[in-house]
>>> print(open('upload-v7.cif').read())   # mmCIF, C-alpha atoms and all ligand atoms
data_start
loop_
_atom_site.label_atom_id
_atom_site.label_comp_id
_atom_site.auth_asym_id
_atom_site.auth_seq_id
_atom_site.Cartn_x
_atom_site.Cartn_y
_atom_site.Cartn_z
CA MET A 1 0.00 0.00 0.00
CA THR A 2 2.75 2.40 0.97
CA THR A 3 4.81 1.51 -2.10
CA LYS A 4 1.87 2.02 -4.43
CA ARG A 5 1.19 5.40 -2.93
CA VAL A 6 4.80 6.50 -3.49
CA ILE A 7 4.73 5.37 -7.10
CA THR A 8 1.50 7.24 -7.71
CA LEU A 9 3.03 10.39 -6.25
CA VAL A 10 6.17 10.12 -8.40
CA ALA A 11 4.04 9.64 -11.51
CA ALA A 12 1.95 12.68 -10.67
CA VAL A 13 4.99 14.87 -10.06
CA SER A 14 6.60 13.72 -13.33
CA ALA A 15 3.48 14.52 -15.31
CA TRP A 16 3.33 17.98 -13.76
CA ALA A 17 6.99 18.62 -14.57
CA CYS A 18 6.55 17.63 -18.23
CA SER A 19 3.63 20.00 -18.76
CA GLY A 20 5.22 22.85 -16.82
CA ASP A 21 7.42 25.71 -17.91
CA SER A 22 10.64 23.79 -17.42
CA THR A 23 10.43 21.95 -20.73
CA GLN A 24 8.88 24.64 -22.92
CA PRO A 25 9.50 28.37 -22.73
CA PRO A 26 6.38 30.53 -22.82
CA GLY A 27 5.28 31.59 -26.26
CA PRO A 28 4.92 35.14 -27.57
CA PRO A 29 2.79 37.41 -25.38
CA LEU A 30 -0.87 37.40 -26.30
CA ASP A 31 -2.53 39.46 -23.60
CA LEU A 32 -2.04 41.66 -20.54
CA MET A 33 -3.92 40.79 -17.36
CA LYS A 34 -4.33 43.45 -14.69
CA SER A 35 -2.67 42.14 -11.54
CA GLY A 36 -2.78 45.08 -9.15
CA GLY A 37 -3.67 48.71 -8.55
CA ASP A 38 -6.96 49.01 -10.45
CA GLY A 39 -9.92 50.87 -8.93
CA GLN A 40 -8.15 52.86 -6.22
CA SER A 41 -9.72 55.91 -4.60
CA TRP A 42 -7.15 58.48 -3.54
CA TYR A 43 -6.51 62.22 -3.46
CA PHE A 44 -5.90 64.83 -6.14
CA ASN A 45 -2.27 65.34 -7.11
CA ASN A 46 -1.00 62.44 -5.01
CA ARG A 47 0.68 59.20 -5.92
CA LEU A 48 -1.59 56.17 -5.56
CA PRO A 49 -0.69 53.91 -2.61
CA THR A 50 -0.57 50.75 -4.75
CA PRO A 51 1.51 50.59 -7.95
CA LEU A 52 -0.22 49.48 -11.16
CA SER A 53 0.84 46.05 -12.41
CA VAL A 54 0.05 43.76 -15.31
CA THR A 55 1.02 40.20 -16.16
CA ALA A 56 1.90 39.34 -19.77
CA VAL A 57 0.59 35.90 -20.74
CA ASP A 58 0.93 33.67 -23.79
CA ALA A 59 -1.80 31.68 -25.57
CA SER A 60 -1.60 29.02 -22.82
CA SER A 61 -1.98 31.68 -20.08
CA ARG A 62 1.64 31.25 -19.04
CA PRO A 63 3.45 34.40 -17.81
CA VAL A 64 5.91 35.85 -20.32
CA PRO A 65 9.06 37.63 -19.10
CA GLY A 66 10.91 40.33 -21.07
CA VAL A 67 7.86 42.06 -22.55
CA VAL A 68 8.18 45.85 -22.81
CA VAL A 69 4.95 47.36 -21.50
CA THR A 70 4.00 50.94 -22.35
CA TRP A 71 1.93 52.85 -19.79
CA ALA A 72 -0.08 55.97 -20.62
CA VAL A 73 -2.64 58.19 -18.95
CA THR A 74 -5.54 58.13 -21.39
CA SER A 75 -7.98 60.51 -19.71
CA SER A 76 -7.84 64.24 -20.41
CA ALA A 77 -4.86 66.49 -19.76
CA GLY A 78 -4.31 67.21 -16.10
CA SER A 79 -5.21 63.70 -15.04
CA GLY A 80 -1.79 62.93 -13.60
CA ALA A 81 1.14 60.85 -14.78
CA VAL A 82 2.74 57.42 -14.69
CA ASN A 83 6.40 56.78 -13.94
CA PRO A 84 8.06 54.99 -15.64
CA GLN A 85 6.17 55.13 -18.93
CA GLN A 86 7.76 51.84 -20.00
CA SER A 87 8.64 48.82 -17.90
CA THR A 88 9.64 45.26 -18.75
CA THR A 89 7.97 42.13 -17.38
CA ASP A 90 10.04 40.23 -14.81
CA ALA A 91 10.58 36.48 -14.46
CA GLY A 92 6.98 36.17 -13.28
CA GLY A 93 5.67 38.07 -16.29
CA VAL A 94 4.83 41.15 -14.21
CA ALA A 95 5.49 44.80 -15.11
CA THR A 96 4.68 47.73 -12.83
CA THR A 97 4.54 51.50 -12.76
CA THR A 98 3.68 54.13 -10.20
CA ASP A 99 0.67 56.32 -10.89
CA SER A 100 -0.03 59.82 -9.64
CA LEU A 101 -3.48 61.34 -9.83
CA GLY A 102 -4.00 64.81 -11.20
CA ALA A 103 -6.87 67.17 -10.46
CA SER A 104 -9.59 65.12 -12.15
CA THR A 105 -12.09 62.85 -10.44
CA THR A 106 -11.56 59.99 -12.88
CA GLN A 107 -8.27 58.89 -14.34
CA THR A 108 -7.74 56.09 -16.83
CA VAL A 109 -4.39 54.48 -17.59
CA SER A 110 -3.66 52.02 -20.36
CA ALA A 111 -1.03 49.30 -20.49
CA SER A 112 -0.02 47.76 -23.79
CA PHE A 113 2.80 46.19 -25.77
CA THR A 114 3.55 46.23 -29.49
CA GLY A 115 1.06 43.97 -31.23
CA LEU A 116 -1.43 43.80 -28.37
CA GLN A 117 -4.98 43.93 -29.70
CA SER A 118 -6.74 45.42 -26.70
CA ALA A 119 -4.91 47.40 -24.04
CA ALA A 120 -5.52 46.80 -20.35
CA THR A 121 -7.29 49.80 -18.82
CA PHE A 122 -7.07 50.95 -15.22
CA THR A 123 -9.64 53.34 -13.73
CA GLU A 124 -8.75 55.41 -10.66
CA ILE A 125 -10.83 57.86 -8.64
CA GLY A 126 -9.62 61.19 -7.24
CA SER A 127 -11.11 63.50 -4.63
CA ALA A 128 -10.05 66.41 -2.42
CA PRO A 129 -8.44 65.29 0.85
CA PRO A 130 -10.09 66.11 4.20
CA THR A 131 -8.83 69.37 5.72
CA SER A 132 -9.26 68.26 9.32
CA GLY A 133 -9.26 65.06 11.31
CA ALA A 134 -10.73 63.84 14.60
CA VAL A 135 -9.85 60.78 16.64
CA ASP A 136 -11.65 59.49 19.73
CA VAL A 137 -9.29 58.11 22.37
CA ARG A 138 -11.38 55.29 23.77
CA ASP A 139 -11.01 52.34 26.15
CA ASP A 140 -8.86 50.91 24.61
CA ASN A 141 -8.60 51.92 20.98
CA PHE A 142 -8.35 54.90 18.66
CA ASN A 143 -11.41 55.64 16.57
CA LEU A 144 -10.84 56.07 13.70
CA PRO A 145 -7.43 54.44 13.87
CA ASP A 146 -6.17 55.44 10.40
CA ILE A 147 -7.01 58.82 8.96
CA VAL A 148 -5.91 60.89 5.98
CA VAL A 149 -5.73 64.68 5.93
CA GLN A 150 -4.30 67.32 3.65
CA THR A 151 -0.84 68.51 4.66
CA GLY A 152 -1.10 71.39 7.11
CA SER A 153 -4.50 70.27 8.45
CA ASN A 154 -5.24 69.90 12.14
CA VAL A 155 -5.99 66.55 13.75
CA THR A 156 -7.64 66.52 17.17
CA TRP A 157 -7.55 63.64 19.63
CA THR A 158 -10.35 63.71 22.19
CA ARG A 159 -10.56 61.53 25.25
CA THR A 160 -13.86 59.67 25.32
CA GLY A 161 -12.80 56.77 27.54
CA VAL A 162 -11.86 56.78 31.20
CA ASN A 163 -8.60 54.82 31.12
CA HIS A 164 -5.19 56.44 31.10
CA HIS A 165 -4.04 56.80 27.47
CA ASN A 166 -1.37 58.57 25.50
CA VAL A 167 -0.56 59.32 21.86
CA THR A 168 3.09 58.50 21.31
CA PHE A 169 4.48 58.79 17.78
CA VAL A 170 6.65 55.86 16.77
CA SER A 171 7.41 56.38 13.05
CA GLY A 172 6.93 58.79 10.20
CA PRO A 173 8.74 61.41 8.11
CA SER A 174 9.94 62.65 11.49
CA ILE A 175 9.36 61.27 14.97
CA LEU A 176 7.00 63.72 16.65
CA SER A 177 6.88 64.28 20.36
CA LYS A 178 4.16 62.73 22.48
CA ILE A 179 1.15 65.02 22.30
CA PHE A 180 -1.47 63.43 24.48
CA GLU A 181 -1.37 61.99 27.97
CA THR A 182 -4.42 61.48 30.12
CA ASP A 183 -4.17 61.48 33.86
CA LEU A 184 -7.02 60.06 35.91
CA GLU A 185 -6.14 61.97 39.06
CA ASN A 186 -5.60 65.37 37.49
CA GLY A 187 -8.02 65.07 34.61
CA THR A 188 -5.53 66.48 32.11
CA ALA A 189 -5.57 66.25 28.38
CA THR A 190 -9.16 65.80 27.36
CA SER A 191 -8.26 67.09 23.90
CA ARG A 192 -5.08 67.85 21.94
CA THR A 193 -4.51 69.11 18.40
CA ARG A 194 -1.54 68.85 16.07
CA SER A 195 -1.00 69.82 12.44
CA PHE A 196 1.08 67.78 10.00
CA ALA A 197 3.32 69.92 7.81
CA VAL A 198 5.27 67.20 6.01
CA PRO A 199 3.52 64.61 3.79
CA GLY A 200 3.77 60.99 4.82
CA THR A 201 2.34 58.43 7.21
CA TYR A 202 2.83 59.00 10.93
CA ARG A 203 2.21 56.00 13.18
CA TYR A 204 1.44 56.31 16.84
CA SER A 205 0.59 54.09 19.79
CA CYS A 206 -0.73 54.28 23.31
CA THR A 207 2.14 52.86 25.31
CA ASN A 208 -0.22 51.78 28.09
CA HIS A 209 -2.18 49.31 26.00
CA ALA A 210 -0.90 46.65 23.61
CA ASN A 211 -2.31 46.93 20.10
CA MET A 212 -3.71 50.42 20.68
CA ASN A 213 -2.33 51.94 17.50
CA GLY A 214 -3.24 54.57 14.95
CA SER A 215 -1.89 56.52 12.00
CA VAL A 216 -2.24 59.85 10.29
CA THR A 217 -1.39 60.07 6.60
CA ALA A 218 -0.77 63.62 5.38
CA VAL A 219 -1.20 64.05 1.62
CA HIS A 220 -0.62 67.02 -0.70
CU CU B 301 -4.34 53.42 25.99
#
>>> encode(input="upload-v7.cif", output="C-alpha cells")
Amino acid sequence: MTTKRVITLVAAVSAWACSGDSTQPPGPPLDLMKSGGDGQSWYFNNRLPTPLSVTAVDASSRPVPGVVVTWAVTSSAGSGAVNPQQSTTDAGGVATTTDSLGASTTQTVSASFTGLQSAATFTEIGSAPPTSGAVDVRDDNFNLPDIVVQTGSNVTWTRTGVNHHNVTFVSGPSILSKIFETDLENGTATSRTRSFAVPGTYRYSCTNHANMNGSVTAVH
C-alpha cells in the first residue's frame, strides 16, 4: 500500500513537470492581465498607494518575461502621470509603474505592448483630501485608527474613555513628540490638536495598551 502510494506520487509529479514551464518556454505574449492597482480611490495630485501592475501571458496563459509594456494616462490632460512610462515584465511576467493622480475625479491608464490587440485599462478615482481630522481616544482603541488629511491640516484627539491613554508617535517622516497623555487623578488632556506639515504616514501608539495603535497620513 505504501509503495503504491509513493509510485502514484512520483508519476503525478513527473506529469506535472513535463507539462510545466521547465520543458517549454512561454510563447509570444498574447494578452495583458491586470494584476494590481486598479480601482483605487485616492486624493488629487498624489501618488496612488498601490503601484499598477500587469502580467503578460501567452496563448496558454503562461506568464511571459521580457515584454516591454507601455503605460499611458488616457484621460484628459491634467489627469496625472505614470512613472516609468515603460517597464519590462520580470521572471513572473509582471510589469509595474507608479501612478499619480491629477486634479480630475476619474483617471484612466492604459497598459499595452507592441502587437497587443486590446490594451488593459485601469480606472482610478480622485477627490479632495479632508482638511481636518478627529480621533476618539477610547477604552482601549483609537477611533478612527487610520485617517488621511491634507498637509497642514489639524488633527484633534479627544478623550472619550476613562482609562489612562497617551498618543506617542513611533514612526513617520519625522518622529514627533508625544502630544497626548491622560491622567485620571488630574483630569488632564481631554483634547489635543496637532497639524502635520510634512507629507507621509505618521504611526502612533498608546504605550499603556498593547495593540492600541493609529496613523495619520498627510497628503498634498
Ligand atoms: Cu491606551
>>> residues_near_ligand(input="upload-v7.cif", ligand="ligand CU 301 (chain B)", cutoff="7 Å", atoms="only C-alpha atoms and all ligand atoms", output="ChimeraX atom specification")
/A:139-141,163-166,206-209,212
>>> residues_around(input="upload-v7.cif", residues="Ala95 (chain A)", least_positions_apart="5", cutoff="12 Å", atoms="only C-alpha atoms", output="ChimeraX atom specification")
/A:32-37,51-57,63-71,84-90,111-113
>>> write_last_selection(input="upload-v7.cif", atoms="C-alpha atoms", output="compact mmCIF listing (two decimals), in the coordinates of the input")
# COMPACT_ATOMS: atom_id res chain seq x y z
CA LEU A 32 -2.04 41.66 -20.54
CA MET A 33 -3.92 40.79 -17.36
CA LYS A 34 -4.33 43.45 -14.69
CA SER A 35 -2.67 42.14 -11.54
CA GLY A 36 -2.78 45.08 -9.15
CA GLY A 37 -3.67 48.71 -8.55
CA PRO A 51 1.51 50.59 -7.95
CA LEU A 52 -0.22 49.48 -11.16
CA SER A 53 0.84 46.05 -12.41
CA VAL A 54 0.05 43.76 -15.31
CA THR A 55 1.02 40.20 -16.16
CA ALA A 56 1.90 39.34 -19.77
CA VAL A 57 0.59 35.90 -20.74
CA PRO A 63 3.45 34.40 -17.81
CA VAL A 64 5.91 35.85 -20.32
CA PRO A 65 9.06 37.63 -19.10
CA GLY A 66 10.91 40.33 -21.07
CA VAL A 67 7.86 42.06 -22.55
CA VAL A 68 8.18 45.85 -22.81
CA VAL A 69 4.95 47.36 -21.50
CA THR A 70 4.00 50.94 -22.35
CA TRP A 71 1.93 52.85 -19.79
CA PRO A 84 8.06 54.99 -15.64
CA GLN A 85 6.17 55.13 -18.93
CA GLN A 86 7.76 51.84 -20.00
CA SER A 87 8.64 48.82 -17.90
CA THR A 88 9.64 45.26 -18.75
CA THR A 89 7.97 42.13 -17.38
CA ASP A 90 10.04 40.23 -14.81
CA ALA A 111 -1.03 49.30 -20.49
CA SER A 112 -0.02 47.76 -23.79
CA PHE A 113 2.80 46.19 -25.77
>>> residues_around(input="upload-v7.cif", residues="Ser153 (chain A)", least_positions_apart="4", cutoff="8 Å", atoms="all atoms listed in the file", output="mmCIF file with C-alpha atoms, keeping the file's coordinate frame")
data_model
loop_
_atom_site.group_PDB
_atom_site.id
_atom_site.type_symbol
_atom_site.label_atom_id
_atom_site.label_comp_id
_atom_site.auth_asym_id
_atom_site.auth_seq_id
_atom_site.Cartn_x
_atom_site.Cartn_y
_atom_site.Cartn_z
ATOM 1 C CA THR A 131 -8.830 69.370 5.720
ATOM 2 C CA SER A 132 -9.260 68.260 9.320
ATOM 3 C CA GLY A 133 -9.260 65.060 11.310
ATOM 4 C CA VAL A 149 -5.730 64.680 5.930
ATOM 5 C CA SER A 195 -1.000 69.820 12.440
ATOM 6 C CA PHE A 196 1.080 67.780 10.000
ATOM 7 C CA ALA A 197 3.320 69.920 7.810
#
>>> residues_around(input="upload-v7.cif", residues="Thr201 (chain A)", least_positions_apart="4", cutoff="9 Å", atoms="only C-alpha atoms", output="ChimeraX atom specification")
/A:148,171-173,215-219
>>> closest_residue(input="upload-v7.cif", among="A:Pro25, A:Gly93, A:Gly102, A:Gly200", to="Phe44 (chain A)", atoms="all atoms listed in the file")
A:Gly102
>>> atom_distance(input="upload-v7.cif", atom1="CA of Gly27 (chain A)", atom2="CA of Thr121 (chain A)")
23.3 Å
>>> closest_residue(input="upload-v7.cif", among="A:Thr190, A:Ser41, A:Ser79, A:Ser60", to="Pro29 (chain A)", atoms="only C-alpha atoms")
A:Ser60
>>> residues_around(input="upload-v7.cif", residues="Ser205 (chain A)", least_positions_apart="3", cutoff="6 Å", atoms="only C-alpha atoms", output="VMD selection string")
chain A and resid 167 to 168 212 to 213
>>> atom_distance(input="upload-v7.cif", atom1="CA of Ser61 (chain A)", atom2="CA of Thr74 (chain A)")
26.7 Å
>>> closest_residue(input="upload-v7.cif", among="A:Asp58, A:Gly92, A:Gly214, A:Ile175", to="Leu144 (chain A)", atoms="all atoms listed in the file")
A:Gly214
>>> residues_near_point(input="upload-v7.cif", point="(-0.6, 59.3, -17.1)", cutoff="9 Å", atoms="all atoms listed in the file", output="list of chain:residue names")
A:Trp71, A:Ala72, A:Val73, A:Thr74, A:Ser75, A:Ala77, A:Gly78, A:Ser79, A:Gly80, A:Ala81, A:Val82, A:Asn83, A:Gln85, A:Asp99, A:Ser100, A:Leu101, A:Gly102, A:Gln107, A:Thr108, A:Val109, A:Ser110
